[in-house]
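See below for target24.csv, which holds CSV, C-alpha atoms.
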```csv
chain,number,residue,atom,x,y,z
A,1,MET,CA,0.0,0.0,0.0
A,2,ALA,CA,1.3,3.5,-0.9
A,3,TYR,CA,0.0,6.6,0.8
A,4,ILE,CA,0.4,10.1,-0.6
A,5,THR,CA,-1.1,13.5,0.2
A,6,LEU,CA,-3.4,15.3,-2.2
A,7,PRO,CA,-0.9,18.0,-2.9
A,8,THR,CA,1.6,15.3,-3.8
A,9,PHE,CA,-0.8,13.7,-6.2
A,10,VAL,CA,-1.5,17.0,-7.8
A,11,GLY,CA,2.2,17.7,-8.1
A,12,TYR,CA,2.7,14.4,-9.8
A,13,SER,CA,-0.2,14.9,-12.3
A,14,THR,CA,1.3,18.3,-13.4
A,15,SER,CA,4.7,16.9,-14.0
A,16,SER,CA,5.7,15.2,-17.3
A,17,GLY,CA,8.4,13.1,-18.9
A,18,PRO,CA,11.3,11.7,-16.9
A,19,SER,CA,10.5,14.2,-14.0
A,20,ARG,CA,7.6,12.0,-13.2
A,21,SER,CA,9.8,9.1,-12.3
A,22,SER,CA,12.1,11.3,-10.2
A,23,PHE,CA,9.1,12.8,-8.4
A,24,VAL,CA,7.7,9.4,-7.4
A,25,ARG,CA,11.1,8.0,-6.4
A,26,ARG,CA,11.7,11.0,-4.2
A,27,TRP,CA,8.3,10.6,-2.5
A,28,ARG,CA,8.8,6.9,-2.0
A,29,ARG,CA,12.1,7.6,-0.2
A,30,GLN,CA,10.3,10.0,2.0
A,31,TYR,CA,7.5,7.6,2.6
A,32,GLU,CA,10.0,4.9,3.7
A,33,ASP,CA,12.0,7.3,5.8
A,34,PRO,CA,9.7,10.0,7.3
A,35,ALA,CA,12.7,11.8,8.7
A,36,ARG,CA,13.3,13.0,5.2
A,37,GLY,CA,10.1,14.9,5.3
A,38,GLY,CA,10.4,18.5,4.2
A,39,PHE,CA,9.1,21.8,5.8
A,40,ASN,CA,5.6,22.6,4.8
A,41,PHE,CA,6.2,26.0,3.4
A,42,TYR,CA,2.5,27.1,3.3
A,43,LEU,CA,1.3,25.7,6.6
A,44,ARG,CA,1.6,29.1,8.4
A,45,ALA,CA,-0.4,30.8,5.6
A,46,ALA,CA,-3.2,28.2,5.8
A,47,ASN,CA,-3.3,28.5,9.6
A,48,ALA,CA,-3.5,32.3,9.3
A,49,ILE,CA,-6.3,32.2,6.8
A,50,ARG,CA,-8.3,30.0,9.1
A,51,ALA,CA,-7.5,32.1,12.2
A,52,GLY,CA,-8.6,35.2,10.3
A,53,ARG,CA,-11.9,33.7,9.3
A,54,ILE,CA,-12.6,32.4,12.9
A,55,SER,CA,-12.0,35.8,14.4
A,56,GLY,CA,-13.4,37.9,11.6
A,57,ARG,CA,-10.1,39.8,11.5
A,58,ASP,CA,-8.6,38.5,8.2
A,59,ARG,CA,-6.7,41.7,7.5
A,60,GLU,CA,-5.0,42.0,10.9
A,61,VAL,CA,-4.1,38.3,11.1
A,62,LEU,CA,-2.6,38.2,7.6
A,63,ARG,CA,-0.7,41.5,8.2
A,64,ALA,CA,0.9,39.8,11.2
A,65,LEU,CA,1.8,36.8,9.0
A,66,VAL,CA,3.6,39.0,6.6
A,67,GLU,CA,5.3,41.2,9.2
A,68,ASN,CA,6.7,38.2,11.1
A,69,ALA,CA,7.9,36.4,7.9
A,70,ASP,CA,11.6,36.2,7.0
A,71,GLU,CA,13.1,37.6,3.8
A,72,ARG,CA,12.5,34.3,1.9
A,73,THR,CA,8.9,33.8,2.8
A,74,ARG,CA,7.7,37.4,3.0
A,75,PRO,CA,7.1,38.0,-0.8
A,76,HIS,CA,5.1,34.7,-1.0
A,77,TYR,CA,3.0,35.5,2.1
A,78,THR,CA,2.4,39.0,0.9
A,79,GLU,CA,0.9,37.6,-2.4
A,80,ILE,CA,-1.1,35.1,-0.5
A,81,ALA,CA,-2.5,37.6,1.9
A,82,ASN,CA,-3.4,40.1,-0.8
A,83,GLY,CA,-5.0,37.3,-2.9
A,84,TRP,CA,-7.1,36.0,0.0
A,85,LEU,CA,-8.3,39.4,1.0
A,86,ARG,CA,-9.4,40.1,-2.6
A,87,TYR,CA,-11.2,36.7,-2.6
A,88,VAL,CA,-13.0,37.3,0.7
A,89,GLY,CA,-13.9,40.9,-0.3
A,90,ARG,CA,-17.5,41.5,0.6
A,91,ARG,CA,-18.4,37.8,0.5
A,92,ASP,CA,-20.3,36.4,3.5
A,93,LEU,CA,-18.1,33.4,4.2
A,94,ARG,CA,-18.6,31.6,7.5
A,95,LEU,CA,-16.6,28.7,8.7
A,96,ALA,CA,-18.0,25.2,9.0
A,97,GLU,CA,-16.5,22.0,10.2
A,98,VAL,CA,-15.2,19.5,7.6
A,99,GLY,CA,-13.6,16.1,8.1
A,100,ARG,CA,-10.7,14.2,6.5
A,101,SER,CA,-10.8,11.1,4.3
A,102,ARG,CA,-8.8,8.9,2.0
A,103,TRP,CA,-9.5,8.0,-1.6
A,104,ARG,CA,-8.3,4.5,-2.6
A,105,LEU,CA,-7.6,2.9,-5.9
A,106,GLY,CA,-6.0,-0.5,-5.7
A,107,SER,CA,-2.8,-0.2,-3.6
A,108,LEU,CA,-2.8,3.6,-3.6
A,109,GLU,CA,-4.3,5.8,-0.9
A,110,VAL,CA,-4.6,9.6,-1.3
A,111,GLY,CA,-5.1,11.7,1.9
A,112,ILE,CA,-7.9,14.2,1.4
A,113,ASN,CA,-7.4,17.0,3.9
A,114,PRO,CA,-9.4,20.1,2.9
A,115,HIS,CA,-8.3,23.4,4.5
A,116,LEU,CA,-11.7,24.9,5.3
A,117,GLY,CA,-15.4,24.5,5.2
A,118,LEU,CA,-17.0,27.7,4.0
A,119,ARG,CA,-20.7,28.5,4.0
A,120,LYS,CA,-21.7,31.3,1.6
A,121,GLY,CA,-24.6,33.1,3.1
A,122,ASP,CA,-27.5,30.6,3.7
A,123,GLY,CA,-26.2,28.2,1.1
A,124,PRO,CA,-24.5,24.8,1.4
A,125,VAL,CA,-21.1,24.2,2.9
A,126,TYR,CA,-18.3,24.3,0.4
A,127,VAL,CA,-15.5,21.8,1.3
A,128,THR,CA,-12.5,24.0,0.3
A,129,TRP,CA,-9.0,23.2,-0.7
A,130,LEU,CA,-6.6,26.1,-1.0
A,131,TYR,CA,-3.8,26.3,-3.6
A,132,PHE,CA,-0.8,28.6,-2.6
A,133,LYS,CA,2.0,28.1,-5.1
A,134,GLU,CA,3.6,30.7,-7.2
A,135,GLU,CA,2.7,29.1,-10.5
A,136,PRO,CA,-1.0,29.3,-11.4
A,137,LEU,CA,-3.1,26.3,-10.8
A,138,SER,CA,-4.1,24.6,-14.0
A,139,ARG,CA,-7.7,23.8,-14.7
A,140,ASP,CA,-6.9,20.1,-15.1
A,141,ALA,CA,-5.3,20.0,-11.6
A,142,ALA,CA,-8.2,21.9,-10.1
A,143,GLN,CA,-10.6,19.4,-11.7
A,144,MET,CA,-8.7,16.5,-10.2
A,145,VAL,CA,-8.9,18.0,-6.7
A,146,LEU,CA,-12.6,18.8,-7.1
A,147,TRP,CA,-13.4,15.3,-8.3
A,148,LEU,CA,-11.5,13.7,-5.4
A,149,LEU,CA,-13.2,15.9,-2.9
A,150,GLU,CA,-16.5,14.9,-4.4
A,151,GLN,CA,-15.7,11.2,-4.2
A,152,THR,CA,-15.2,11.4,-0.4
A,153,MET,CA,-17.8,14.0,0.4
A,154,ASP,CA,-19.8,11.7,2.6
A,155,GLU,CA,-16.8,11.5,5.0
A,156,LEU,CA,-15.8,15.2,4.6
A,157,ARG,CA,-19.2,16.9,4.9
A,158,PRO,CA,-22.4,15.1,3.9
A,159,GLY,CA,-24.3,17.3,1.5
A,160,GLY,CA,-21.3,19.6,1.0
A,161,ARG,CA,-19.9,20.8,-2.3
A,162,PRO,CA,-16.3,20.8,-3.5
A,163,LEU,CA,-14.4,24.1,-4.0
A,164,VAL,CA,-10.9,24.9,-5.0
A,165,VAL,CA,-9.4,28.4,-4.6
A,166,ASP,CA,-6.1,29.5,-6.2
A,167,VAL,CA,-5.4,32.0,-3.4
A,168,ARG,CA,-2.8,34.2,-5.0
A,169,ARG,CA,-5.0,34.9,-8.0
A,170,SER,CA,-8.3,35.0,-6.0
A,171,LYS,CA,-9.7,32.4,-8.4
A,172,GLU,CA,-12.2,29.7,-7.6
A,173,PHE,CA,-12.9,26.5,-9.4
A,174,ALA,CA,-16.0,24.3,-9.3
A,175,LEU,CA,-16.9,21.0,-11.0
A,176,SER,CA,-19.7,20.8,-13.6
A,177,PRO,CA,-21.4,17.5,-14.6
A,178,ARG,CA,-19.7,17.5,-18.0
A,179,ASP,CA,-16.3,17.9,-16.3
A,180,ARG,CA,-17.0,15.1,-13.9
A,181,ASP,CA,-17.5,12.6,-16.7
A,182,LYS,CA,-14.2,13.5,-18.3
A,183,VAL,CA,-12.2,13.7,-15.1
A,184,ARG,CA,-13.0,10.3,-13.6
A,185,PRO,CA,-11.1,8.1,-16.1
A,186,TRP,CA,-8.2,10.5,-16.2
A,187,VAL,CA,-7.7,10.5,-12.4
A,188,ARG,CA,-7.9,6.7,-12.2
A,189,SER,CA,-5.4,6.4,-15.0
A,190,GLU,CA,-3.1,8.8,-13.2
A,191,ALA,CA,-3.3,6.8,-10.0
A,192,SER,CA,-2.5,3.6,-11.9
A,193,ALA,CA,0.5,5.2,-13.6
A,194,PHE,CA,1.7,6.5,-10.2
A,195,MET,CA,1.6,3.0,-8.8
A,196,SER,CA,3.6,1.6,-11.7
A,197,LEU,CA,6.4,4.2,-11.1
A,198,TRP,CA,6.1,3.6,-7.3
A,199,GLU,CA,6.7,-0.2,-7.7
A,200,ALA,CA,9.6,0.5,-10.2
A,201,ALA,CA,11.2,2.7,-7.6
A,202,ALA,CA,11.5,-0.1,-5.0
```

Any chance you could put this one into structure tokens?
Amino acid sequence: MAYITLPTFVGYSTSSGPSRSSFVRRWRRQYEDPARGGFNFYLRAANAIRAGRISGRDREVLRALVENADERTRPHYTEIANGWLRYVGRRDLRLAEVGRSRWRLGSLEVGINPHLGLRKGDGPVYVTWLYFKEEPLSRDAAQMVLWLLEQTMDELRPGGRPLVVDVRRSKEFALSPRDRDKVRPWVRSEASAFMSLWEAAA
């Protein structure tokens, strides 16, 4: 059995050529030796966004995130803070609890850990995954995440809807019925290809 996180699966799906093999080999070494695990560069940003929503003081909390950052992280946190504040804007976004789950295909397990549950006004809860990286999130990668959130929604938030936000660009993605039909076979083929490279890396 192989276990990977959702960001790892997205990173794999957006790679191509020989870099895919290197990507999987590197992750397998980390899986087998957890001490190799790297620093989660965006964890503080995710925590700040959640704290800002809880307190209703998004601007103050994100300002503190930027002011307390070092020279390497400050430019990234500044873009994230500005993007999130633009996204929140005048929206009525209230936090809601969401769970965690795992999506399985054969010997592969993908950890599904959404960042937030957001209720827009009196509407349904959106189980929300945030994307923080410098390069824009591709539509295909967003569709993959949305589909996986939807597949495990009964565990995450029964009756919830999946949502992905590219934070730096204040851009949200949703899944349409037409997209769903196209994404399913692609995600499953990506998972199978990942396991082939995983086994070859043994």

Item to check | Neighbour residues at most 12 Å from (-2.7, 7.2, -14.9) (all atoms listed in the file) as a count of residues only | outcome: 23

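Taking atom CA of A:Leu62 as the reference point, atom CA of A:Ala48 is found at 6.2 Å.
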
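Nearest-residue note for A:Pro114: choosing from A:Leu6, A:Ala200, A:Val61, A:Leu43, the minimum distance belongs to A:Leu6, counting all atoms listed in the file.
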
Checklist outcome for this item: Taken to one decimal, the atom CA of A:Leu118-atom CA of A:Leu95 distance is 4.8 Å

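Of the listed residues (A:Asp122, A:Glu109, A:Glu67, A:Glu32), A:Glu32 comes nearest to A:Ala201; the distances count only C-alpha atoms.
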
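The spacing separating atom CA of A:Val145 from atom CA of A:Ala45 amounts to 19.7 Å.
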